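Enquirer: What follows is query.txt, compact mmCIF, C-alpha atoms.
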```txt
# COMPACT_ATOMS: atom_id res chain seq x y z
CA MET A 255 0.00 0.00 0.00
CA PRO A 256 2.62 2.56 -1.05
CA ASP A 257 0.20 5.48 -1.36
CA ALA A 258 -1.44 4.98 2.02
CA PRO A 259 -1.19 7.85 4.49
CA TYR A 260 1.13 7.26 7.39
CA GLN A 261 2.90 4.26 5.87
CA ARG A 262 5.69 3.83 8.43
CA ILE A 263 4.49 2.93 11.93
CA ALA A 264 6.66 2.70 15.04
CA VAL A 265 5.23 0.96 18.09
CA ILE A 266 7.15 1.88 21.25
CA GLY A 267 6.71 -0.91 23.78
CA ALA A 268 6.61 -4.62 23.02
CA GLY A 269 4.32 -5.80 25.78
CA ALA A 270 1.14 -7.66 24.92
CA TRP A 271 -0.70 -4.50 23.86
CA GLY A 272 2.15 -3.06 21.82
CA THR A 273 2.62 -6.38 20.04
CA ALA A 274 -1.09 -6.61 19.26
CA LEU A 275 -1.05 -3.06 17.88
CA ALA A 276 1.90 -3.92 15.66
CA LEU A 277 -0.24 -6.68 14.16
CA VAL A 278 -3.14 -4.23 13.70
CA ALA A 279 -0.94 -1.82 11.77
CA ARG A 280 0.58 -4.59 9.69
CA ARG A 281 -2.86 -5.94 8.74
CA ALA A 282 -3.65 -2.46 7.45
CA GLY A 283 -0.69 -2.78 5.09
CA ARG A 284 1.74 -0.55 6.97
CA ASP A 285 5.48 -0.97 7.44
CA VAL A 286 5.86 -1.72 11.14
CA VAL A 287 8.77 -1.62 13.55
CA ILE A 288 8.27 -2.41 17.23
CA ALA A 289 10.74 -1.23 19.86
CA ALA A 290 11.41 -3.43 22.90
CA ARG A 291 13.56 -2.91 25.99
CA GLU A 292 14.33 -6.62 26.31
CA ALA A 293 17.02 -7.95 23.97
CA GLU A 294 15.46 -11.40 24.10
CA VAL A 295 12.13 -10.01 22.84
CA VAL A 296 13.84 -8.28 19.91
CA GLU A 297 15.67 -11.49 19.07
CA ALA A 298 12.58 -13.67 19.37
CA ILE A 299 10.41 -11.43 17.18
CA ASN A 300 13.05 -11.13 14.47
CA THR A 301 14.02 -14.80 14.38
CA THR A 302 10.97 -16.82 15.48
CA ARG A 303 8.14 -14.33 14.73
CA ARG A 304 6.89 -14.69 18.30
CA ASN A 305 6.83 -12.67 21.50
CA GLY A 306 6.53 -15.52 23.95
CA LEU A 307 7.47 -13.34 26.90
CA PHE A 308 4.44 -11.06 26.65
CA LEU A 309 2.03 -12.50 24.08
CA PRO A 310 2.52 -16.26 23.87
CA GLY A 311 0.76 -18.36 21.27
CA VAL A 312 0.60 -15.62 18.63
CA VAL A 313 2.58 -15.76 15.39
CA LEU A 314 3.63 -12.35 14.10
CA ASP A 315 3.59 -11.21 10.49
CA ASP A 316 6.96 -11.44 8.73
CA GLY A 317 6.70 -7.74 7.93
CA ILE A 318 7.00 -6.71 11.60
CA ARG A 319 10.56 -5.84 12.52
CA ALA A 320 11.78 -5.47 16.12
CA THR A 321 14.50 -3.16 17.38
CA ALA A 322 16.06 -2.09 20.65
CA ASP A 323 16.59 1.44 19.28
CA ALA A 324 13.31 3.19 20.08
CA ALA A 325 14.71 6.61 19.18
CA ALA A 326 15.67 5.56 15.67
CA ALA A 327 12.32 3.84 15.17
CA ALA A 328 10.46 6.99 16.22
CA ALA A 329 12.63 9.27 14.08
CA GLN A 330 11.91 7.27 10.92
CA ALA A 331 8.18 6.76 11.49
CA ASP A 332 5.21 8.62 10.06
CA VAL A 333 3.19 7.72 13.17
CA VAL A 334 4.38 6.70 16.64
CA LEU A 335 2.23 4.49 18.86
CA LEU A 336 3.25 4.90 22.50
CA ALA A 337 2.42 1.59 24.18
CA ALA A 338 4.65 1.97 27.24
CA PRO A 339 2.96 1.48 30.64
CA ALA A 340 1.33 4.60 32.05
CA GLN A 341 3.80 5.13 34.88
CA HIS A 342 6.73 4.90 32.45
CA LEU A 343 5.27 7.10 29.74
CA ARG A 344 7.01 10.27 30.95
CA ALA A 345 10.48 8.72 30.89
CA VAL A 346 9.93 6.96 27.56
CA SER A 347 8.45 9.97 25.79
CA ALA A 348 11.14 12.31 27.15
CA THR A 349 13.78 10.03 25.64
CA LEU A 350 12.00 10.13 22.29
CA ALA A 351 11.41 13.90 22.27
CA PRO A 352 14.50 14.93 20.27
CA HIS A 353 13.54 12.43 17.57
CA ILE A 354 9.87 13.44 17.13
CA ALA A 355 9.45 15.90 14.26
CA GLU A 356 7.12 18.90 14.38
CA LYS A 357 3.45 17.83 14.17
CA ARG A 358 4.42 14.13 14.04
CA PRO A 359 1.32 12.11 15.07
CA VAL A 360 1.86 10.30 18.37
CA ILE A 361 -0.93 8.01 19.55
CA ILE A 362 -0.97 7.39 23.30
CA CYS A 363 -2.07 3.80 23.94
CA ALA A 364 -1.55 3.62 27.73
CA LYS A 365 -4.45 3.85 30.19
CA GLY A 366 -3.68 5.47 33.50
CA ILE A 367 -3.14 8.57 35.62
CA GLU A 368 0.41 9.50 36.54
CA ARG A 369 1.16 8.91 40.19
CA GLY A 370 2.58 11.94 41.98
CA THR A 371 1.27 14.51 39.52
CA GLY A 372 -2.31 13.31 38.89
CA MET A 373 -1.79 14.06 35.20
CA LEU A 374 -3.59 12.41 32.31
CA MET A 375 -1.30 10.72 29.81
CA SER A 376 -1.96 13.50 27.28
CA GLU A 377 -0.86 16.08 29.85
CA VAL A 378 2.35 14.16 30.47
CA ALA A 379 3.02 13.86 26.73
CA SER A 380 2.23 17.55 26.18
CA GLU A 381 5.08 18.35 28.55
CA THR A 382 7.56 15.84 27.16
CA LEU A 383 6.58 15.92 23.47
CA PRO A 384 5.49 19.54 22.91
CA ARG A 385 6.00 19.35 19.13
CA ALA A 386 3.91 16.21 18.57
CA ALA A 387 0.31 15.99 17.36
CA LEU A 388 -1.22 13.86 20.10
CA ALA A 389 -4.10 11.41 19.92
CA ILE A 390 -5.57 8.87 22.36
CA LEU A 391 -6.42 5.25 21.58
CA SER A 392 -8.70 3.62 24.14
CA GLY A 393 -11.61 1.23 24.42
CA PRO A 394 -12.53 -2.37 25.29
CA THR A 395 -9.50 -4.34 24.14
CA PHE A 396 -7.94 -7.57 25.31
CA ALA A 397 -4.58 -7.75 23.55
CA ALA A 398 -4.80 -11.47 22.81
CA GLU A 399 -8.11 -11.05 20.98
CA VAL A 400 -6.85 -8.07 19.00
CA ALA A 401 -3.74 -10.05 18.06
CA ARG A 402 -5.90 -12.93 16.81
CA GLY A 403 -7.87 -10.56 14.60
CA LEU A 404 -11.15 -10.88 16.49
CA PRO A 405 -13.61 -8.00 16.00
CA THR A 406 -12.76 -4.99 18.15
CA ALA A 407 -14.00 -1.39 18.31
CA VAL A 408 -12.00 1.44 19.88
CA THR A 409 -12.09 5.17 20.45
CA LEU A 410 -9.51 7.30 18.67
CA ALA A 411 -9.64 10.75 20.23
CA THR A 412 -7.93 13.83 18.86
CA ARG A 413 -8.75 17.53 18.65
CA GLU A 414 -7.82 17.60 14.97
CA SER A 415 -10.54 16.01 12.80
CA THR A 416 -8.58 15.67 9.53
CA GLY A 417 -5.65 14.03 11.25
CA GLY A 418 -8.02 11.77 13.15
CA ARG A 419 -9.58 10.50 9.92
CA LEU A 420 -6.14 9.75 8.49
CA LEU A 421 -5.05 7.95 11.65
CA ALA A 422 -8.22 5.89 11.57
CA SER A 423 -7.07 4.48 8.24
CA ILE A 424 -4.69 2.29 10.24
CA GLY A 425 -7.79 0.35 11.30
CA SER A 426 -9.40 -2.53 9.46
CA THR A 427 -12.65 -4.49 9.24
CA THR A 428 -11.82 -6.23 12.52
CA PHE A 429 -10.21 -3.27 14.31
CA ARG A 430 -12.65 -0.39 14.01
CA PRO A 431 -11.65 3.06 15.32
CA TYR A 432 -14.52 5.43 16.17
CA LEU A 433 -13.42 9.06 16.13
CA SER A 434 -13.85 11.44 19.05
CA ASN A 435 -12.70 14.98 19.74
CA ASP A 436 -12.84 14.42 23.52
CA PRO A 437 -9.42 13.08 24.56
CA ILE A 438 -10.10 13.87 28.21
CA GLY A 439 -13.15 11.62 28.31
CA ALA A 440 -11.35 8.86 26.43
CA GLN A 441 -8.60 8.89 29.05
CA VAL A 442 -10.69 9.15 32.20
CA GLY A 443 -12.79 6.13 31.31
CA GLY A 444 -9.76 4.02 30.42
CA ALA A 445 -7.90 4.90 33.61
CA VAL A 446 -10.66 4.63 36.23
CA LYS A 447 -12.16 1.40 34.88
CA ASN A 448 -8.93 -0.43 35.82
CA VAL A 449 -9.44 0.51 39.47
CA ILE A 450 -13.10 -0.49 39.38
CA ALA A 451 -12.04 -3.83 37.88
CA ILE A 452 -9.78 -4.47 40.87
CA ALA A 453 -12.78 -3.81 43.13
CA CYS A 454 -14.91 -6.22 41.08
CA GLY A 455 -12.17 -8.82 41.32
CA ILE A 456 -12.05 -8.45 45.10
CA VAL A 457 -15.77 -9.09 45.52
CA THR A 458 -15.52 -12.00 43.08
CA GLY A 459 -12.62 -13.47 45.03
CA ARG A 460 -14.61 -13.03 48.23
CA GLY A 461 -17.54 -14.91 46.68
CA MET A 462 -19.94 -12.02 47.09
CA GLY A 463 -21.93 -12.80 43.94
CA ASP A 464 -22.90 -11.30 40.62
CA ASN A 465 -25.27 -8.76 42.18
CA ALA A 466 -22.38 -7.17 44.05
CA ARG A 467 -20.21 -7.01 40.94
CA ALA A 468 -23.02 -5.41 38.93
CA ALA A 469 -23.56 -2.85 41.68
CA LEU A 470 -19.85 -2.02 41.76
CA MET A 471 -19.72 -1.60 38.00
CA THR A 472 -22.71 0.71 37.99
CA ARG A 473 -21.58 2.82 40.92
CA GLY A 474 -18.07 2.75 39.44
CA LEU A 475 -19.48 4.26 36.26
CA ALA A 476 -20.99 7.02 38.40
CA GLU A 477 -17.50 7.74 39.76
CA ILE A 478 -16.08 7.81 36.23
CA MET A 479 -18.80 10.29 35.24
CA ARG A 480 -18.13 12.54 38.26
CA LEU A 481 -14.39 12.70 37.72
CA GLY A 482 -14.73 13.05 33.96
CA THR A 483 -17.18 15.91 34.29
CA ALA A 484 -14.89 17.66 36.79
CA LEU A 485 -11.99 17.41 34.32
CA GLY A 486 -14.02 18.64 31.34
CA ALA A 487 -15.01 15.37 29.65
CA ARG A 488 -18.29 14.98 27.83
CA PRO A 489 -20.81 12.52 29.33
CA GLU A 490 -21.46 10.84 25.97
CA THR A 491 -17.78 9.90 25.72
CA LEU A 492 -17.91 8.24 29.12
CA MET A 493 -20.97 6.27 28.04
CA GLY A 494 -19.18 5.09 24.90
CA LEU A 495 -16.47 2.58 24.02
CA SER A 496 -13.71 4.18 26.10
CA GLY A 497 -15.95 4.46 29.18
CA LEU A 498 -18.85 2.07 29.63
CA GLY A 499 -17.53 -0.29 26.95
CA ASP A 500 -14.10 -0.65 28.53
CA LEU A 501 -15.58 -0.88 32.02
CA SER A 502 -17.88 -3.71 30.95
CA LEU A 503 -15.05 -5.72 29.41
CA THR A 504 -12.54 -5.25 32.19
CA CYS A 505 -14.96 -6.01 35.02
CA ASN A 506 -16.38 -9.16 33.42
CA GLY A 507 -13.47 -10.79 31.61
CA LEU A 508 -11.08 -13.18 33.32
CA GLN A 509 -8.40 -12.07 30.83
CA SER A 510 -8.36 -8.73 32.66
CA ARG A 511 -5.11 -8.26 34.55
CA ASN A 512 -6.76 -5.81 36.95
CA MET A 513 -9.68 -8.12 37.66
CA SER A 514 -7.22 -10.98 38.24
CA VAL A 515 -5.29 -8.90 40.77
CA GLY A 516 -8.53 -8.18 42.61
CA ILE A 517 -9.57 -11.85 42.63
CA ALA A 518 -6.23 -12.86 44.13
CA LEU A 519 -6.55 -10.19 46.81
CA GLY A 520 -10.12 -11.26 47.54
CA GLN A 521 -8.92 -14.83 47.98
CA GLY A 522 -6.43 -13.76 50.62
CA GLN A 523 -3.16 -13.07 48.82
CA THR A 524 -1.14 -9.98 49.64
CA LEU A 525 -0.46 -7.44 46.92
CA ALA A 526 3.20 -8.48 46.85
CA GLN A 527 2.22 -12.12 46.39
CA THR A 528 -0.28 -11.20 43.68
CA LEU A 529 2.23 -9.20 41.64
CA SER A 530 5.23 -11.46 42.23
CA GLY A 531 6.70 -12.91 39.05
CA LYS A 532 4.29 -11.11 36.72
CA ARG A 533 5.78 -9.35 33.72
CA SER A 534 2.50 -7.78 32.62
CA ILE A 535 1.36 -4.66 34.45
CA ALA A 536 -2.04 -4.14 36.06
CA GLU A 537 -2.32 -0.39 35.52
CA GLY A 538 -5.06 -0.01 38.14
CA VAL A 539 -2.66 -0.69 41.01
CA GLU A 540 -0.72 2.53 40.58
CA SER A 541 -3.61 4.48 39.08
CA ALA A 542 -5.71 3.81 42.20
CA ALA A 543 -3.43 6.01 44.29
CA ALA A 544 -3.16 8.67 41.57
CA ILE A 545 -6.92 8.84 40.97
CA ALA A 546 -7.76 8.85 44.69
CA GLU A 547 -5.44 11.80 45.23
CA LEU A 548 -6.72 13.60 42.14
CA ALA A 549 -10.32 13.13 43.34
CA ARG A 550 -9.43 14.55 46.76
CA ARG A 551 -7.81 17.59 45.18
CA ARG A 552 -10.80 18.15 42.90
CA GLY A 553 -13.40 17.50 45.59
CA VAL A 554 -14.89 14.56 43.65
CA ASP A 555 -16.62 11.80 45.64
CA MET A 556 -15.10 8.45 44.57
CA PRO A 557 -15.64 6.00 47.44
CA ILE A 558 -14.89 2.84 45.43
CA VAL A 559 -11.61 4.22 44.14
CA ALA A 560 -10.73 5.41 47.66
CA ALA A 561 -11.52 1.94 49.04
CA VAL A 562 -9.30 0.21 46.47
CA ASP A 563 -6.49 2.67 47.18
CA ALA A 564 -6.84 2.03 50.92
CA ILE A 565 -6.60 -1.74 50.41
CA LEU A 566 -3.70 -1.60 47.95
CA HIS A 567 -1.55 1.12 49.47
CA HIS A 568 -2.60 1.83 53.04
CA GLY A 569 -3.03 -1.58 54.64
CA ALA A 570 -6.81 -1.45 54.94
CA ALA A 571 -8.50 -4.77 55.66
CA ILE A 572 -10.74 -5.95 52.83
CA ASP A 573 -13.71 -6.99 54.97
CA ASP A 574 -13.64 -3.77 57.02
CA THR A 575 -13.39 -1.69 53.85
CA ILE A 576 -16.32 -3.48 52.23
CA ALA A 577 -18.34 -3.04 55.42
CA GLY A 578 -17.57 0.67 55.33
CA LEU A 579 -18.86 0.96 51.76
CA LEU A 580 -22.02 -0.95 52.62
CA ALA A 581 -22.63 1.30 55.64
CA ARG A 582 -22.66 4.49 53.59
CA PRO A 583 -25.91 6.45 53.94
CA PHE A 584 -28.71 5.78 51.45
CA LYS A 585 -29.09 8.57 48.90
CA PRO A 586 -30.65 9.26 45.47
CA GLU A 587 -29.02 7.34 42.64
CA HIS A 588 -28.46 10.42 40.48
```
Write the structure described by the file as structure tokens, please.
Expert:
Amino acid sequence: MPDAPYQRIAVIGAGAWGTALALVARRAGRDVVIAAREAEVVEAINTTRRNGLFLPGVVLDDGIRATADAAAAAAQADVVLLAAPAQHLRAVSATLAPHIAEKRPVIICAKGIERGTGMLMSEVASETLPRAALAILSGPTFAAEVARGLPTAVTLATRESTGGRLLASIGSTTFRPYLSNDPIGAQVGGAVKNVIAIACGIVTGRGMGDNARAALMTRGLAEIMRLGTALGARPETLMGLSGLGDLSLTCNGLQSRNMSVGIALGQGQTLAQTLSGKRSIAEGVESAAAIAELARRRGVDMPIVAAVDAILHHGAAIDDTIAGLLARPFKPEH
């Protein structure tokens, strides 16, 4: 596809999600290079066409090339997909900054809030990549299903409509980007749903039933709406793919890393035991603290997020925390 817009794609980060996105771009006919920190991942992708460390069981297209030189990959690309974990996005993007040309499209693919600053990923990237044209990719996506080419719909959010339409051309019949001009809403939904998923996992691990999980999801959506509104998001974005859609997937699917963390905690493991030996990152663990602090600063009531933060980072007992939530006063739903 030599005449396609944005022919050369660089994916920065070779975890499960970055690897799946490399396959998405390759299926759209693009020239794809994926940058990995781990030398063994680079070697495996280039020689065996597999990334067994992060996405086992998936064979990669021969046209995907791996490199350890993220800066060179970014410098030569027409579009950069930033698939580094949320808490590492600042360091990764700062390293790339000298190699990102003016107005170069950079799509942020991480879901989280930066701990310590309370910044959205777009705010972090605006500081570190001031010359880039930023967009947000979010929505209900399990990497393994995307990698297998199963039907998936996502939100692609950018303030610039023409650029958004061109970026959407990287999609395909099985990876369908829906355009939005509300990057704040796209990010809030994707970040907070990970924390709600940990809460849903905890009640699942405690054997509290489907009713409890449904209640947590619904009240969790209310928290997403409150924070999103406070930050300037539009309600319809939060009710779309990157809000309600992502929340539904993450809180109901056993593939969810955040849900799995919550289940293990609910079954009695400590956080250290739950995370031990895992290479994949459950973004909700760190985002819980960041979102709880952001909500306090903004005066936004987020009791579920606060409860998860208390359990993860402040030694709160699960049963006492659940009892505290259940003892909250009755009030109108809306």
Enquirer: Can you tell me which residues surround Thr428 (chain A) at a distance of at most 8 Å, considering all atoms listed in the file, apart from same-chain residues fewer than 4 positions away, and format the answer as a PyMOL selection string?
Expert: chain A and resi 403-407
Enquirer: Can you work out which one of A:Ala445, A:Ala276, A:Ala298, A:Ala270 has the shortest atom-to-atom distance to Arg533 (chain A), counting only C-alpha atoms?
Expert: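 Comparing A:Ala445, A:Ala276, A:Ala298, A:Ala270 against Arg533 (chain A), the winner is A:Ala270.
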Enquirer: Pick out the residues sitting within 12 Å of Ile565 (chain A), and hand them over as JSON, numbers by chain; count all atoms listed in the file, and ignore anything fewer than 3 positions along from it in its own chain.
Expert: {"A": [449, 452, 453, 456, 516, 519, 520, 523, 524, 525, 539, 542, 543, 558, 559, 560, 561, 562, 568, 569, 570, 571, 572, 573, 574, 575, 576]}
Enquirer: Looking at only C-alpha atoms, which of A:Ala328, A:Ala337, A:Ala476, A:Leu485 is the one that sits closest to Gly553 (chain A)?
Expert: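 Smallest separation from Gly553 (chain A) among the options: A:Leu485.
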Enquirer: Grab the CA of Val408 (chain A) to CA of Leu433 (chain A) distance for me, in Å with one decimal place.
Expert: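 Between CA of Val408 (chain A) and CA of Leu433 (chain A) the gap works out to 8.6 Å.
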Enquirer: Show me, as a ChimeraX atom specification, the residues that have an atom within 8 Å of region 345-359 of chain A when counting only C-alpha atoms, minus same-chain residues fewer than 3 positions from it.
Expert: /A:324-326,328-329,332-334,336,338,342,379,382-383,385-389
Enquirer: May I ask for the distance between CA of Ile266 (chain A) and CA of Arg488 (chain A), given in Å to one decimal place?
Expert: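 Computing it gives 29.4 Å between the two atoms.
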